[in-house]
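Asker: Have a peek at structure-v2.cif (mmCIF, C-alpha atoms).
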data_structure
#
loop_
_atom_site.label_atom_id
_atom_site.label_comp_id
_atom_site.auth_asym_id
_atom_site.auth_seq_id
_atom_site.Cartn_x
_atom_site.Cartn_y
_atom_site.Cartn_z
CA MET D 1472 -147.83 66.34 -37.39
CA GLY D 1473 -147.70 63.92 -34.48
CA ARG D 1474 -144.05 62.97 -35.13
CA LEU D 1475 -142.96 66.61 -35.49
CA GLY D 1476 -144.69 67.45 -32.20
CA THR D 1477 -142.90 64.72 -30.26
CA ARG D 1478 -139.36 66.02 -31.05
CA PRO D 1479 -139.56 69.12 -28.84
CA LEU D 1480 -141.09 67.01 -26.07
CA LEU D 1481 -138.28 64.42 -26.23
CA GLY D 1482 -135.67 67.16 -26.26
CA SER D 1483 -137.22 68.77 -23.21
CA LEU D 1484 -137.28 65.45 -21.33
CA LEU D 1485 -133.66 64.69 -22.22
CA GLY D 1486 -132.63 68.12 -21.02
CA ARG D 1487 -134.37 67.64 -17.71
CA MET D 1488 -132.72 64.23 -17.25
CA HIS D 1489 -129.27 65.72 -17.82
CA ARG D 1490 -129.98 68.45 -15.27
CA LEU D 1491 -131.16 65.88 -12.72
CA GLU D 1492 -128.03 63.80 -13.27
CA GLY D 1493 -125.90 66.86 -12.68
CA LEU D 1494 -127.72 67.68 -9.47
CA ALA D 1495 -127.39 64.09 -8.26
CA LEU D 1496 -123.65 64.14 -8.96
CA LEU D 1497 -123.23 67.36 -7.01
CA TRP D 1498 -125.21 65.90 -4.10
CA VAL D 1499 -123.06 62.75 -4.02
CA LYS D 1500 -119.86 64.83 -4.01
CA GLY D 1501 -121.20 66.98 -1.21
CA ALA D 1502 -122.26 63.97 0.83
CA ALA D 1503 -118.83 62.41 0.38
CA GLY D 1504 -117.23 65.44 1.97
CA SER D 1505 -119.71 65.63 4.84
CA SER D 1506 -119.91 63.55 8.00
CA ALA D 1507 -122.45 61.14 6.45
CA ARG D 1508 -119.79 59.00 4.78
CA ALA D 1509 -121.46 55.73 3.88
CA CYS D 1510 -118.33 53.92 2.68
CA SER D 1511 -114.97 55.41 3.56
CA SER D 1512 -111.66 54.33 5.06
CA THR D 1513 -110.71 57.81 6.22
CA PRO D 1514 -111.64 59.28 9.59
CA ALA D 1515 -114.58 61.62 9.80
CA TRP D 1516 -113.76 65.31 10.09
CA ASP D 1517 -115.49 65.59 13.45
CA GLY D 1518 -113.72 62.51 14.84
CA LEU D 1519 -116.94 60.97 16.12
CA GLU D 1520 -117.06 57.87 13.96
CA GLY D 1521 -113.36 57.10 13.74
CA PRO D 1522 -111.68 55.31 10.84
CA ALA D 1523 -113.56 52.48 9.20
CA ARG D 1524 -111.98 49.05 9.31
CA ARG D 1525 -109.88 48.35 6.24
CA ARG D 1526 -110.67 45.16 4.39
CA SER D 1527 -107.81 42.86 3.49
CA TYR D 1528 -107.92 41.51 -0.05
CA TRP D 1529 -105.74 38.50 0.86
CA ARG D 1530 -108.01 37.74 3.78
CA TYR D 1531 -110.92 37.70 1.36
CA VAL D 1532 -109.04 35.38 -1.02
CA ARG D 1533 -108.08 33.05 1.82
CA ARG D 1534 -111.68 32.91 3.01
CA LEU D 1535 -112.78 32.25 -0.57
CA VAL D 1536 -110.34 29.35 -0.96
CA GLN D 1537 -110.46 27.81 2.51
CA GLY D 1538 -114.08 28.57 3.30
CA ALA D 1539 -115.51 29.94 6.54
CA PRO D 1540 -113.69 28.90 9.74
CA GLU D 1541 -115.23 26.18 11.86
CA PRO D 1542 -115.30 25.95 15.66
CA PRO D 1543 -113.33 25.81 17.81
CA TYR D 1544 -112.30 29.20 16.46
CA LEU D 1545 -109.00 30.97 16.77
CA HIS D 1546 -110.92 34.08 17.79
CA VAL D 1547 -113.23 34.75 20.74
CA CYS D 1548 -116.95 35.07 20.00
CA GLN D 1549 -118.32 38.46 20.96
CA VAL D 1550 -121.48 39.46 22.77
CA GLY D 1551 -124.57 38.89 20.64
CA ASP D 1552 -123.31 35.63 19.16
CA PRO D 1553 -126.06 32.96 19.45
CA VAL D 1554 -123.63 30.44 20.94
CA LEU D 1555 -123.13 32.71 23.95
CA ARG D 1556 -126.90 32.94 24.52
CA ALA D 1557 -127.51 29.19 24.39
CA VAL D 1558 -127.15 26.77 27.30
CA ALA D 1559 -123.97 24.70 26.96
CA ALA D 1560 -124.45 20.96 26.82
CA PRO D 1561 -122.64 18.55 29.17
CA VAL D 1562 -119.87 16.40 27.77
CA ASP D 1563 -120.41 12.66 27.65
CA PRO D 1564 -117.80 10.95 29.88
CA VAL D 1565 -117.04 8.58 27.02
CA GLN D 1566 -115.70 11.52 25.01
CA LEU D 1567 -113.12 12.56 27.64
CA ALA D 1568 -110.23 10.83 25.87
CA GLY D 1569 -111.60 11.44 22.39
CA PRO D 1570 -109.74 13.47 19.75
CA GLU D 1571 -112.44 16.12 19.47
CA LEU D 1572 -112.23 17.06 23.15
CA GLN D 1573 -108.44 17.01 23.03
CA ARG D 1574 -108.47 19.40 20.07
CA LEU D 1575 -110.96 21.66 21.84
CA VAL D 1576 -108.82 21.84 24.98
CA GLN D 1577 -105.68 22.56 22.99
CA ARG D 1578 -107.44 25.37 21.15
CA LEU D 1579 -108.82 26.78 24.43
CA VAL D 1580 -105.34 26.92 25.95
CA GLN D 1581 -103.85 28.35 22.75
CA VAL D 1582 -106.34 31.22 22.48
CA MET D 1583 -106.35 31.88 26.24
CA ARG D 1584 -102.58 32.29 26.34
CA ARG D 1585 -102.51 34.35 23.17
CA GLN D 1586 -105.13 36.72 24.59
CA ARG D 1587 -103.29 36.79 27.94
CA CYS D 1588 -106.48 36.12 29.89
CA VAL D 1589 -106.93 33.89 32.92
CA GLY D 1590 -109.88 31.84 31.74
CA LEU D 1591 -111.82 30.81 28.67
CA SER D 1592 -114.75 28.50 28.00
CA ALA D 1593 -115.75 26.40 25.01
CA PRO D 1594 -118.81 28.54 24.07
CA GLN D 1595 -116.48 31.53 23.66
CA LEU D 1596 -114.82 29.62 20.81
CA GLY D 1597 -118.12 28.63 19.25
CA VAL D 1598 -118.47 25.17 20.85
CA PRO D 1599 -121.60 24.86 23.08
CA LEU D 1600 -120.06 22.41 25.56
CA GLN D 1601 -119.35 22.69 29.28
CA VAL D 1602 -115.57 22.94 29.15
CA LEU D 1603 -113.64 25.57 31.07
CA ALA D 1604 -109.90 26.36 31.10
CA LEU D 1605 -108.25 28.44 33.85
CA GLU D 1606 -104.66 29.55 34.28
CA PHE D 1607 -102.93 32.42 36.05
CA PRO D 1608 -99.17 32.08 35.42
CA GLU D 1609 -96.41 33.93 37.20
CA THR D 1610 -95.80 36.14 34.16
CA LEU D 1611 -99.31 37.60 34.28
CA LEU D 1612 -99.15 37.93 38.06
CA HIS D 1613 -95.93 39.95 38.02
CA ALA D 1614 -97.29 42.13 35.22
CA CYS D 1615 -99.64 43.62 37.85
CA ALA D 1616 -98.48 46.21 40.35
CA PRO D 1617 -97.67 44.87 43.86
CA SER D 1618 -100.37 47.03 45.42
CA LEU D 1619 -102.92 45.64 42.96
CA ARG D 1620 -101.87 42.06 43.69
CA GLU D 1621 -102.22 42.65 47.40
CA SER D 1622 -105.58 44.43 47.27
CA ARG D 1623 -107.11 41.78 45.02
CA GLN D 1624 -105.44 38.86 46.81
CA MET D 1625 -104.03 37.56 43.55
CA GLU D 1626 -102.34 34.18 43.57
CA PRO D 1627 -100.96 32.25 40.62
CA PHE D 1628 -102.36 28.85 39.77
CA PRO D 1629 -101.39 26.29 37.12
CA LEU D 1630 -103.43 25.30 34.11
CA ARG D 1631 -106.70 23.60 35.02
CA VAL D 1632 -109.26 22.29 32.54
CA PHE D 1633 -112.70 21.40 33.89
CA VAL D 1634 -115.25 19.34 31.99
CA ASN D 1635 -118.86 19.66 33.15
CA PRO D 1636 -117.80 22.00 35.98
CA SER D 1637 -119.90 22.77 39.01
CA LEU D 1638 -119.46 25.63 41.45
CA ARG D 1639 -119.74 25.67 45.23
CA VAL D 1640 -119.47 28.83 47.30
CA LEU D 1641 -116.90 28.60 50.08
CA ASP D 1642 -117.04 32.20 51.30
CA SER D 1643 -120.19 34.18 50.55
CA ARG D 1644 -118.65 37.56 51.32
CA LEU D 1645 -118.69 39.76 48.22
CA VAL D 1646 -115.75 41.67 46.82
CA THR D 1647 -116.06 44.06 43.91
CA PHE D 1648 -113.27 44.89 41.48
CA PRO D 1649 -113.11 46.02 37.85
CA GLU D 1650 -112.92 43.12 35.44
CA GLY D 1651 -113.24 42.49 31.75
CA CYS D 1652 -114.45 39.70 29.52
CA GLU D 1653 -112.89 38.55 26.27
CA SER D 1654 -116.38 38.26 24.78
CA VAL D 1655 -117.07 41.93 25.54
CA ALA D 1656 -113.84 43.30 24.18
CA GLY D 1657 -112.84 46.81 25.15
CA PHE D 1658 -115.10 47.15 28.21
CA LEU D 1659 -114.55 46.95 31.95
CA ALA D 1660 -117.14 46.82 34.73
CA CYS D 1661 -117.14 46.55 38.50
CA VAL D 1662 -118.59 43.12 39.22
CA PRO D 1663 -119.29 41.66 42.69
CA ARG D 1664 -117.88 38.16 43.20
CA PHE D 1665 -117.80 35.72 46.08
CA GLN D 1666 -114.67 35.77 48.16
CA ALA D 1667 -113.93 32.10 47.51
CA VAL D 1668 -115.48 29.36 45.41
CA GLN D 1669 -114.67 25.78 44.57
CA ILE D 1670 -114.90 24.49 41.02
CA SER D 1671 -115.26 20.75 40.55
CA GLY D 1672 -115.43 18.76 37.36
CA ALA D 1673 -113.97 15.99 35.29
CA GLY D 1674 -110.35 15.98 34.17
CA TRP D 1675 -109.72 15.96 30.45
CA ARG D 1676 -106.76 13.56 30.66
CA GLY D 1677 -107.88 10.05 31.38
CA PRO D 1678 -110.74 8.71 33.52
CA TRP D 1679 -113.55 10.61 35.21
CA ARG D 1680 -112.25 12.35 38.31
CA ARG D 1681 -113.02 15.40 40.42
CA LEU D 1682 -110.78 18.41 40.73
CA GLY D 1683 -111.08 21.16 43.31
CA LYS D 1684 -109.53 24.61 43.40
CA ARG D 1685 -110.00 27.46 45.82
CA VAL D 1686 -110.28 30.59 43.71
CA ARG D 1687 -110.67 34.04 45.28
CA PHE D 1688 -113.16 36.42 43.59
CA LEU D 1689 -112.65 34.61 40.28
CA CYS D 1690 -115.75 33.22 38.60
CA LEU D 1691 -115.35 32.86 34.85
CA TRP D 1692 -118.72 31.21 34.40
CA ARG D 1693 -119.77 31.11 30.74
CA GLN D 1694 -121.84 27.92 30.82
#
Any chance you could give the structure as structure tokens?
Answerer:
Amino acid sequence: MGRLGTRPLLGSLLGRMHRLEGLALLWVKGAAGSSARACSSTPAWDGLEGPARRRSYWRYVRRLVQGAPEPPYLHVCQVGDPVLRAVAAPVDPVQLAGPELQRLVQRLVQVMRRQRCVGLSAPQLGVPLQVLALEFPETLLHACAPSLRESRQMEPFPLRVFVNPSLRVLDSRLVTFPEGCESVAGFLACVPRFQAVQISGAGWRGPWRRLGKRVRFLCLWRQ
């Protein structure tokens, strides 16, 4: 009697489970066509989210084989990275001619020129050291309109690498122009800067020495 009575109950439960599965399937299909697309590589119909970033399988395989990249990176760390929030440590003068500092400087110059920016610091490549590279070549200068060069008093200057830099204000008048930061990619802001500053530090080639450069409204100060 007990066994015979359980058959209708099991059949009823199985039927309800099938109906719930059908409803869940319909809900998933409806959600896939709506704007709440959890995982999709196609743009949303309303254009608010934009296309999701496609994942490269070969990039995944390369990461799997080679492991995670180590600093100094070939990319620029973005805002929110812990290395950008920490205080950069000074470089020991004994390490000026060492291979690690030489590799760091080479990577700084490489990434800076590839990004076509005028300055980059070691923390932006994941290395919490007080090392700063600056360069404004003629090619970047002439890429700007003549009126822009005149209004912003732009002047080219050769490659300078400062170790343990310090800053001294030469002209405290403020000028405000739009500027961007490689660590805040895609954004511009009007930032007030001093009219002229002097950056001093150690050279990275050879013994400890001081370098000075008069830079107008340019203060790429990541340390």
Asker: Run the PyMOL selection byres ((chain D and resi 1636) around 6) on the file and write out the hits as JSON, numbers by chain.
Answerer: {"D": [1633, 1634, 1635, 1637, 1671, 1672]}
Asker: Please provide as a list in words all residues within 10 Å of Val1602 of chain D, with the sequence filter that same-chain residues fewer than 3 positions apart are discarded (counting only C-alpha atoms).
Answerer: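 Answer for this query is Ala1559, Ala1560, Pro1561, Val1562, Leu1572, Leu1575, Val1576, Leu1579, Leu1591, Ser1592, Ala1593, Pro1594, Val1598, Pro1599, Val1632, Phe1633, Val1634, Asn1635, Pro1636, Gly1672, Ala1673, Trp1675, Arg1693 and Gln1694 of chain D.
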Asker: Identify which of the residues D:Gln1549, D:Gln1601, D:Gln1577, D:Arg1534 lies closest to Asp1563 of chain D, counting only C-alpha atoms when measuring atom-to-atom distances.
Answerer: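 Of D:Gln1549, D:Gln1601, D:Gln1577, D:Arg1534, the one nearest Asp1563 of chain D is D:Gln1601, counting only C-alpha atoms.
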Asker: I'd like the neighbourhood of Gln1586 of chain D as a list in words, where a residue qualifies if any of its atoms comes within 12 Å (using all atoms listed in the file), though same-chain residues fewer than 3 positions away should be ignored.
Answerer: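 With the cut-off at 12 Å, the set is Leu1545, His1546, Val1547, Leu1579, Val1580, Gln1581, Val1582, Met1583, Val1589, Gly1590, Leu1591, Leu1611, Cys1652, Glu1653, Ser1654 and Ala1656 of chain D.
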Asker: Do a neighbour search on Leu1645 of chain D at 8 Å with all atoms listed in the file, toss out local chain neighbours closer than 2 positions, and write the hits as a VMD selection string.
Answerer: chain D and resid 1643 1647 1663 to 1666 1688
Asker: Using Å and a single decimal, report how far atom CA of Gly1674 of chain D sits from atom CA of Arg1578 of chain D.
Answerer: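 Result for atom CA of Arg1578 of chain D versus atom CA of Gly1674 of chain D: 16.3 Å, one decimal.
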Asker: For atom CA of Val1640 of chain D and atom CA of Leu1600 of chain D, quote the distance in Å rounded to one decimal.
Answerer: 22.7 Å
